[in-house]
Amino acid sequence: MKLTVKEILNIEQLKTLQVVAGSNGLSNAVEGVSVLEIPGSNAAIKSGHILVSAFYSIAHKSDEQLGIIRMMCSSKASGLILCHVGMILPFVSRELIDVCTELELPLIVAPAPMEYIDIISPILDRILEKRNEDLMHAMDVYDKMTNLILEENNADCIVAALGRLLNRTVCFFSHNSICISASQGGICGKYNSYIKQKIDENFERFIKEKRDIEILLTDNSTTILLSPIVSSMMYYGVLVVFNASDLRRLDYISIRQAKNSLAIITINKTNLKDYNNLLKNDFIKDLIAWNFKDEQDALKRSSSLGFDIARIQSVIALDIFTGFDDNKPESEEHLKKLRNDLYCLVLREVRRMAEPSIVASHENKILIFLNIKSAPLTRAETAKIAELLRNTARSALGNNVSAGVSLRRESLSSIKKSCIEAVDALMIGNKIFCSSRTVFYEEVEIFGLLMRNMDCSKAKEITQRLFGPIISYDRENNGELLETFKILLMSDSDTTEVADRMFLHKNTVLQRKKKIISLYGYDPFAIPYRLQFEFAIMLCSLYGL
């Protein structure tokens, strides 16, 4: 329980302090004490602090005194102790008393000779004492919960113990929103359904924010606390506490310790196979980020899980191709399902073709750490495996699939770089080829360098300025010069090919080409001008400019 202004007034050394206004605020919590001698900004006023002041600089300025009181109220200060009244501040005005009473801010007057240190020291001592009490309570609860884990290893015992500590009904809903433990006789069916509904509604919030929420039962009879039990790697369920509107700080300490205990018990009861899968998934995440102390640490962990990362020869990244695809998924939900189906298919095919290989899902991409027990794979053999996976996926799912490949270097730690390169190759290939295919990073490495080091805003500014004359012409004449220009550049100025691709007469393409040249005053199709326009087109593809 927090220290209050009323408790401070009961401290032996402070019993001579006198409340002259704002007595309705004596229950305000006090988290600290501050001196306020240069009023003028609420920046110096801390929430939850009781302030000590003699109003030295505003002793004869009643308006500023009232302003300070209002600032204290807006900053949620706990109260004000005035010192040296009659010595510095002539008297406490009626206006000051009325404002403090109206705002329910305790106004306390100290005996004139009393020094600041005589007020601040006892308050700080009491705050520290209170914090020590909280610490002792936390240690006591921790010991009780630890003993229950060691002796019972049972969620029912933890929930029952917490119910007794809080003197409230407590329930534990598992990860699949089923009430598996309840104290004090449990909960009735209508509450069970309502709480399950609220847990399901807030599931994503629990995972992302890991914060408690309070709900009010439909009949407004009580407030319920939903406290998620979730870590960075697992969601265990939700601890539910009834009548939660007036929980104290010590109660929240008990709840936190109970949540830790329930998490430990849940882990202990997790199926060994699931736990091993969890360890493998964690290892793969660390492998992608190369989150190891050194290569020996990585090898040791991989060996204990049945992996042989020393034989990884390349990394392949796969994803559904969505750009310029007639079979583009209609929604994100559809795309999510396709990626899940692709993962299952790739996992099955890789186990059949290259059993020791590792398959992982990472940032909407599928990563394959290719490991063949036989002789080292050649570049052509790696490409063949990627193409087989793409073709199988295309046949089974009805969607085109893109692949990016990075051939691993000698050191194990280069695996992280290979993951980045494989994903980059996939993304760059989609953008510059505008079709699904297998792309090796070495084929597009220069674009990878651009993606990581380019000033996008500057690139956009330059490309817009470069194509500006054509864009302005198209806007004013509703023309297609820009599209024609790009296709001409990418077709090596072959007007016949451009005419076929754009369904135009060859003479129309020639006329447009002459118009483009006239807009610039120089021939943009000639070297070296042509190079900068081709480069600008590549930038537009890479960055979506």
# chains A, B, ... in the order shown; residues from 1 in each chain; ligands from 1

$ residues_around --residues "range 167-180 of chain A" --least-positions-apart "5" --cutoff "9 Å" --atoms "only C-alpha atoms" --output "list in words"
Ala155, Asp156, Val159, Ala160, Leu162, Gly185, Gly186, Ile187, Asn192, Ile195, Lys196, Gln197, Ile199, Asp200, Tyr235, Tyr236, Gly237, Val238, Leu239, Val240, Val241, Phe242, Asn243, Ala244 and Leu262 of chain A

$ closest_atom_pairs --of "range 245-334 of chain A" --to "range 201-223 of chain A" --cutoff "12 Å" --atoms "only C-alpha atoms" --output "CSV"
residue,atom,partner,partner_atom,distance
A:Ser245,CA,A:Thr223,CA,5.7
A:Asp246,CA,A:Thr223,CA,9.3
A:Leu247,CA,A:Thr223,CA,10.6
A:Tyr252,CA,A:Asp212,CA,10.7
A:Ile255,CA,A:Asp212,CA,11.0
A:Arg256,CA,A:Asp212,CA,10.9
A:Lys259,CA,A:Asp212,CA,11.9

$ write_last_selection --atoms "N, CA and C atoms" --output "PDB file, in the first residue's frame"
ATOM      1  N   SER A 245     -10.935  -3.510  -8.814  1.00  0.00           N
ATOM      2  CA  SER A 245     -10.926  -2.048  -8.882  1.00  0.00           C
ATOM      3  C   SER A 245     -10.068  -1.398  -7.804  1.00  0.00           C
ATOM      4  N   ASP A 246      -9.841  -2.085  -6.673  1.00  0.00           N
ATOM      5  CA  ASP A 246      -9.083  -1.462  -5.575  1.00  0.00           C
ATOM      6  C   ASP A 246      -7.858  -2.297  -5.181  1.00  0.00           C
ATOM      7  N   LEU A 247      -7.224  -2.930  -6.158  1.00  0.00           N
ATOM      8  CA  LEU A 247      -6.015  -3.698  -5.867  1.00  0.00           C
ATOM      9  C   LEU A 247      -4.892  -2.768  -5.420  1.00  0.00           C
ATOM     10  N   TYR A 252      -0.421  -6.401  -6.572  1.00  0.00           N
ATOM     11  CA  TYR A 252       0.172  -6.584  -7.894  1.00  0.00           C
ATOM     12  C   TYR A 252       1.497  -7.343  -7.802  1.00  0.00           C
ATOM     13  N   ILE A 255       0.451 -10.904  -7.628  1.00  0.00           N
ATOM     14  CA  ILE A 255      -0.017 -11.360  -8.940  1.00  0.00           C
ATOM     15  C   ILE A 255       1.171 -11.655  -9.853  1.00  0.00           C
ATOM     16  N   ARG A 256       2.173 -10.780  -9.830  1.00  0.00           N
ATOM     17  CA  ARG A 256       3.339 -10.975 -10.695  1.00  0.00           C
ATOM     18  C   ARG A 256       4.085 -12.257 -10.339  1.00  0.00           C
ATOM     19  N   LYS A 259       2.133 -15.255 -11.566  1.00  0.00           N
ATOM     20  CA  LYS A 259       2.271 -15.416 -13.014  1.00  0.00           C
ATOM     21  C   LYS A 259       3.581 -16.112 -13.363  1.00  0.00           C
TER      22      LYS A 259
END

$ select_by_dssp --residues "range 266-452 of chain A" --states "helix (DSSP H, G or I)" --output "ChimeraX atom specification"
/A:266-268,272-289,295-304,309-311,332-353,379-397,414-433,441-443,445-452

$ closest_residue --among "A:Leu128, A:Met71, A:Ser254, A:Gln184" --to "Asp143 in chain A" --atoms "only C-alpha atoms"
A:Ser254

$ atom_distance --atom1 "CA of Val350 in chain A" --atom2 "CA of Leu370 in chain A"
8.7 Å

$ residues_around --residues "Ser53 in chain A" --least-positions-apart "5" --cutoff "6 Å" --atoms "only C-alpha atoms" --output "list in words"
Val35, Leu36, Glu37 and Leu82 of chain A

$ residues_around --residues "range 60-70 of chain A" --least-positions-apart "4" --cutoff "10 Å" --atoms "only C-alpha atoms" --output "number ranges by chain"
A: 36, 39-42, 45, 55-56, 74-77, 79-80, 88-93, 95-100, 103, 105, 107

$ residues_around --residues "Ile127 in chain A" --least-positions-apart "4" --cutoff "9 Å" --atoms "only C-alpha atoms" --output "JSON, numbers by chain"
{"A": [2, 3, 30, 31, 32, 122, 123, 131, 132]}

$ write_last_selection --atoms "N, CA, C and O atoms" --output "PDB file, in the first residue's frame"
ATOM      1  N   LYS A   2       0.464   2.257  -0.789  1.00  0.00           N
ATOM      2  CA  LYS A   2       1.269   3.462  -0.905  1.00  0.00           C
ATOM      3  C   LYS A   2       1.142   4.336   0.338  1.00  0.00           C
ATOM      4  O   LYS A   2       0.121   4.343   1.025  1.00  0.00           O
ATOM      5  N   LEU A   3       2.204   5.092   0.582  1.00  0.00           N
ATOM      6  CA  LEU A   3       2.218   6.062   1.678  1.00  0.00           C
ATOM      7  C   LEU A   3       1.306   7.222   1.309  1.00  0.00           C
ATOM      8  O   LEU A   3       1.306   7.694   0.182  1.00  0.00           O
ATOM      9  N   VAL A  30       1.935   9.502  -1.626  1.00  0.00           N
ATOM     10  CA  VAL A  30       3.187  10.256  -1.599  1.00  0.00           C
ATOM     11  C   VAL A  30       4.316   9.324  -2.020  1.00  0.00           C
ATOM     12  O   VAL A  30       4.619   8.346  -1.330  1.00  0.00           O
ATOM     13  N   GLU A  31       4.926   9.635  -3.163  1.00  0.00           N
ATOM     14  CA  GLU A  31       6.026   8.811  -3.680  1.00  0.00           C
ATOM     15  C   GLU A  31       7.379   9.482  -3.507  1.00  0.00           C
ATOM     16  O   GLU A  31       8.412   8.863  -3.723  1.00  0.00           O
ATOM     17  N   GLY A  32       7.378  10.761  -3.137  1.00  0.00           N
ATOM     18  CA  GLY A  32       8.624  11.488  -2.940  1.00  0.00           C
ATOM     19  C   GLY A  32       8.364  12.850  -2.343  1.00  0.00           C
ATOM     20  O   GLY A  32       7.211  13.255  -2.138  1.00  0.00           O
ATOM     21  N   PRO A 122      12.302  12.918   7.886  1.00  0.00           N
ATOM     22  CA  PRO A 122      11.326  11.910   8.338  1.00  0.00           C
ATOM     23  C   PRO A 122      10.480  11.349   7.194  1.00  0.00           C
ATOM     24  O   PRO A 122      10.143  10.159   7.192  1.00  0.00           O
ATOM     25  N   ILE A 123      10.150  12.214   6.199  1.00  0.00           N
ATOM     26  CA  ILE A 123       9.338  11.725   5.080  1.00  0.00           C
ATOM     27  C   ILE A 123      10.130  10.718   4.249  1.00  0.00           C
ATOM     28  O   ILE A 123       9.628   9.647   3.883  1.00  0.00           O
ATOM     29  N   ARG A 131       9.065   1.114   1.143  1.00  0.00           N
ATOM     30  CA  ARG A 131       9.616   0.323   0.036  1.00  0.00           C
ATOM     31  C   ARG A 131      10.237  -0.973   0.542  1.00  0.00           C
ATOM     32  O   ARG A 131      10.175  -2.010  -0.120  1.00  0.00           O
ATOM     33  N   ASN A 132      10.849  -0.909   1.708  1.00  0.00           N
ATOM     34  CA  ASN A 132      11.411  -2.126   2.308  1.00  0.00           C
ATOM     35  C   ASN A 132      10.310  -3.112   2.655  1.00  0.00           C
ATOM     36  O   ASN A 132      10.482  -4.329   2.517  1.00  0.00           O
TER      37      ASN A 132
END

$ atom_distance --atom1 "CA of Tyr191 in chain A" --atom2 "CA of Ile224 in chain A"
10.3 Å

$ residues_around --residues "Leu466 in chain A" --least-positions-apart "3" --cutoff "12 Å" --atoms "only C-alpha atoms" --output "list of chain:residue names"
A:Ala459, A:Lys460, A:Glu461, A:Ile462, A:Thr463, A:Pro469, A:Ile470, A:Ile471, A:Ser472, A:Leu482, A:Leu519, A:Tyr520, A:Pro524, A:Tyr529, A:Arg530, A:Gln532, A:Phe533, A:Glu534, A:Phe535, A:Ala536, A:Ile537, A:Cys540

$ residues_around --residues "Ile372 in chain A" --least-positions-apart "2" --cutoff "12 Å" --atoms "only C-alpha atoms" --output "JSON list (two decimals) with N, CA, C and O atoms, in the first residue's frame"
[["chain", "number", "residue", "atom", "x", "y", "z"],
["A", 308, "ASP", "N", 23.57, -30.00, -38.31],
["A", 308, "ASP", "CA", 24.98, -29.96, -38.69],
["A", 308, "ASP", "C", 25.21, -28.71, -39.53],
["A", 308, "ASP", "O", 25.24, -28.75, -40.76],
["A", 309, "ILE", "N", 25.36, -27.57, -38.85],
["A", 309, "ILE", "CA", 25.46, -26.30, -39.58],
["A", 309, "ILE", "C", 26.80, -26.14, -40.28],
["A", 309, "ILE", "O", 26.92, -25.30, -41.17],
["A", 310, "ALA", "N", 27.77, -26.97, -39.92],
["A", 310, "ALA", "CA", 29.08, -26.88, -40.58],
["A", 310, "ALA", "C", 28.99, -27.27, -42.05],
["A", 310, "ALA", "O", 29.84, -26.90, -42.86],
["A", 311, "ARG", "N", 27.96, -28.04, -42.42],
["A", 311, "ARG", "CA", 27.83, -28.51, -43.80],
["A", 311, "ARG", "C", 26.83, -27.68, -44.62],
["A", 311, "ARG", "O", 26.50, -28.05, -45.75],
["A", 312, "ILE", "N", 26.34, -26.59, -44.05],
["A", 312, "ILE", "CA", 25.43, -25.72, -44.82],
["A", 312, "ILE", "C", 26.20, -25.11, -45.98],
["A", 312, "ILE", "O", 27.26, -24.49, -45.80],
["A", 313, "GLN", "N", 25.68, -25.29, -47.20],
["A", 313, "GLN", "CA", 26.40, -24.87, -48.39],
["A", 313, "GLN", "C", 25.80, -23.64, -49.07],
["A", 313, "GLN", "O", 26.48, -22.94, -49.82],
["A", 314, "SER", "N", 24.54, -23.38, -48.82],
["A", 314, "SER", "CA", 23.92, -22.19, -49.40],
["A", 314, "SER", "C", 22.61, -21.91, -48.66],
["A", 314, "SER", "O", 22.11, -22.77, -47.93],
["A", 350, "VAL", "N", 11.93, -30.62, -49.04],
["A", 350, "VAL", "CA", 13.34, -30.55, -48.61],
["A", 350, "VAL", "C", 13.71, -31.81, -47.83],
["A", 350, "VAL", "O", 14.82, -32.33, -47.96],
["A", 351, "ARG", "N", 12.79, -32.28, -47.01],
["A", 351, "ARG", "CA", 13.06, -33.52, -46.27],
["A", 351, "ARG", "C", 13.28, -34.68, -47.24],
["A", 351, "ARG", "O", 14.06, -35.60, -46.97],
["A", 352, "ARG", "N", 12.57, -34.64, -48.34],
["A", 352, "ARG", "CA", 12.70, -35.72, -49.33],
["A", 352, "ARG", "C", 14.00, -35.59, -50.12],
["A", 352, "ARG", "O", 14.68, -36.58, -50.37],
["A", 353, "MET", "N", 14.36, -34.35, -50.49],
["A", 353, "MET", "CA", 15.53, -34.15, -51.36],
["A", 353, "MET", "C", 16.83, -33.97, -50.59],
["A", 353, "MET", "O", 17.89, -34.41, -51.05],
["A", 354, "ALA", "N", 16.76, -33.30, -49.45],
["A", 354, "ALA", "CA", 17.99, -32.95, -48.70],
["A", 354, "ALA", "C", 17.69, -32.96, -47.21],
["A", 354, "ALA", "O", 17.60, -31.92, -46.57],
["A", 355, "GLU", "N", 17.55, -34.14, -46.64],
["A", 355, "GLU", "CA", 17.08, -34.33, -45.27],
["A", 355, "GLU", "C", 17.80, -33.49, -44.22],
["A", 355, "GLU", "O", 17.17, -32.91, -43.34],
["A", 356, "PRO", "N", 19.14, -33.37, -44.23],
["A", 356, "PRO", "CA", 19.78, -32.60, -43.15],
["A", 356, "PRO", "C", 19.52, -31.09, -43.21],
["A", 356, "PRO", "O", 19.88, -30.37, -42.29],
["A", 357, "SER", "N", 18.96, -30.61, -44.31],
["A", 357, "SER", "CA", 18.76, -29.17, -44.46],
["A", 357, "SER", "C", 17.77, -28.65, -43.42],
["A", 357, "SER", "O", 16.93, -29.38, -42.89],
["A", 358, "ILE", "N", 17.86, -27.34, -43.16],
["A", 358, "ILE", "CA", 17.00, -26.68, -42.18],
["A", 358, "ILE", "C", 16.06, -25.75, -42.93],
["A", 358, "ILE", "O", 16.47, -24.98, -43.80],
["A", 368, "ILE", "N", 15.85, -21.69, -46.55],
["A", 368, "ILE", "CA", 16.33, -23.08, -46.58],
["A", 368, "ILE", "C", 17.85, -23.05, -46.44],
["A", 368, "ILE", "O", 18.55, -22.47, -47.28],
["A", 369, "PHE", "N", 18.34, -23.64, -45.36],
["A", 369, "PHE", "CA", 19.78, -23.77, -45.15],
["A", 369, "PHE", "C", 20.17, -25.11, -45.76],
["A", 369, "PHE", "O", 20.02, -26.16, -45.13],
["A", 370, "LEU", "N", 20.65, -25.06, -46.98],
["A", 370, "LEU", "CA", 20.83, -26.28, -47.77],
["A", 370, "LEU", "C", 22.05, -27.06, -47.31],
["A", 370, "LEU", "O", 23.16, -26.54, -47.24],
["A", 374, "SER", "N", 26.27, -35.55, -49.37],
["A", 374, "SER", "CA", 27.26, -35.98, -50.37],
["A", 374, "SER", "C", 28.27, -34.86, -50.64],
["A", 374, "SER", "O", 28.43, -33.95, -49.84],
["A", 375, "ALA", "N", 28.91, -34.93, -51.78],
["A", 375, "ALA", "CA", 29.93, -33.93, -52.14],
["A", 375, "ALA", "C", 29.31, -32.54, -52.21],
["A", 375, "ALA", "O", 28.10, -32.40, -52.39],
["A", 376, "PRO", "N", 30.14, -31.50, -52.08],
["A", 376, "PRO", "CA", 29.63, -30.12, -52.13],
["A", 376, "PRO", "C", 28.83, -29.85, -53.39],
["A", 376, "PRO", "O", 29.16, -30.33, -54.48],
["A", 377, "LEU", "N", 27.76, -29.08, -53.23],
["A", 377, "LEU", "CA", 26.90, -28.75, -54.36],
["A", 377, "LEU", "C", 27.55, -27.71, -55.26],
["A", 377, "LEU", "O", 28.18, -26.77, -54.77],
["A", 378, "THR", "N", 27.36, -27.86, -56.54],
["A", 378, "THR", "CA", 27.82, -26.83, -57.48],
["A", 378, "THR", "C", 26.72, -25.77, -57.57],
["A", 378, "THR", "O", 25.59, -25.95, -57.09],
["A", 381, "GLU", "N", 23.78, -27.18, -59.45],
["A", 381, "GLU", "CA", 22.96, -28.11, -58.67],
["A", 381, "GLU", "C", 22.07, -27.36, -57.68],
["A", 381, "GLU", "O", 20.92, -27.75, -57.45],
["A", 382, "THR", "N", 22.63, -26.29, -57.10],
["A", 382, "THR", "CA", 21.83, -25.46, -56.18],
["A", 382, "THR", "C", 20.66, -24.81, -56.93],
["A", 382, "THR", "O", 19.53, -24.79, -56.45],
["A", 385, "ILE", "N", 17.89, -27.34, -57.54],
["A", 385, "ILE", "CA", 17.04, -27.57, -56.37],
["A", 385, "ILE", "C", 16.03, -26.43, -56.20],
["A", 385, "ILE", "O", 14.84, -26.66, -55.95]]

$ atom_distance --atom1 "CA of Lys513 in chain A" --atom2 "CA of Lys458 in chain A"
27.9 Å
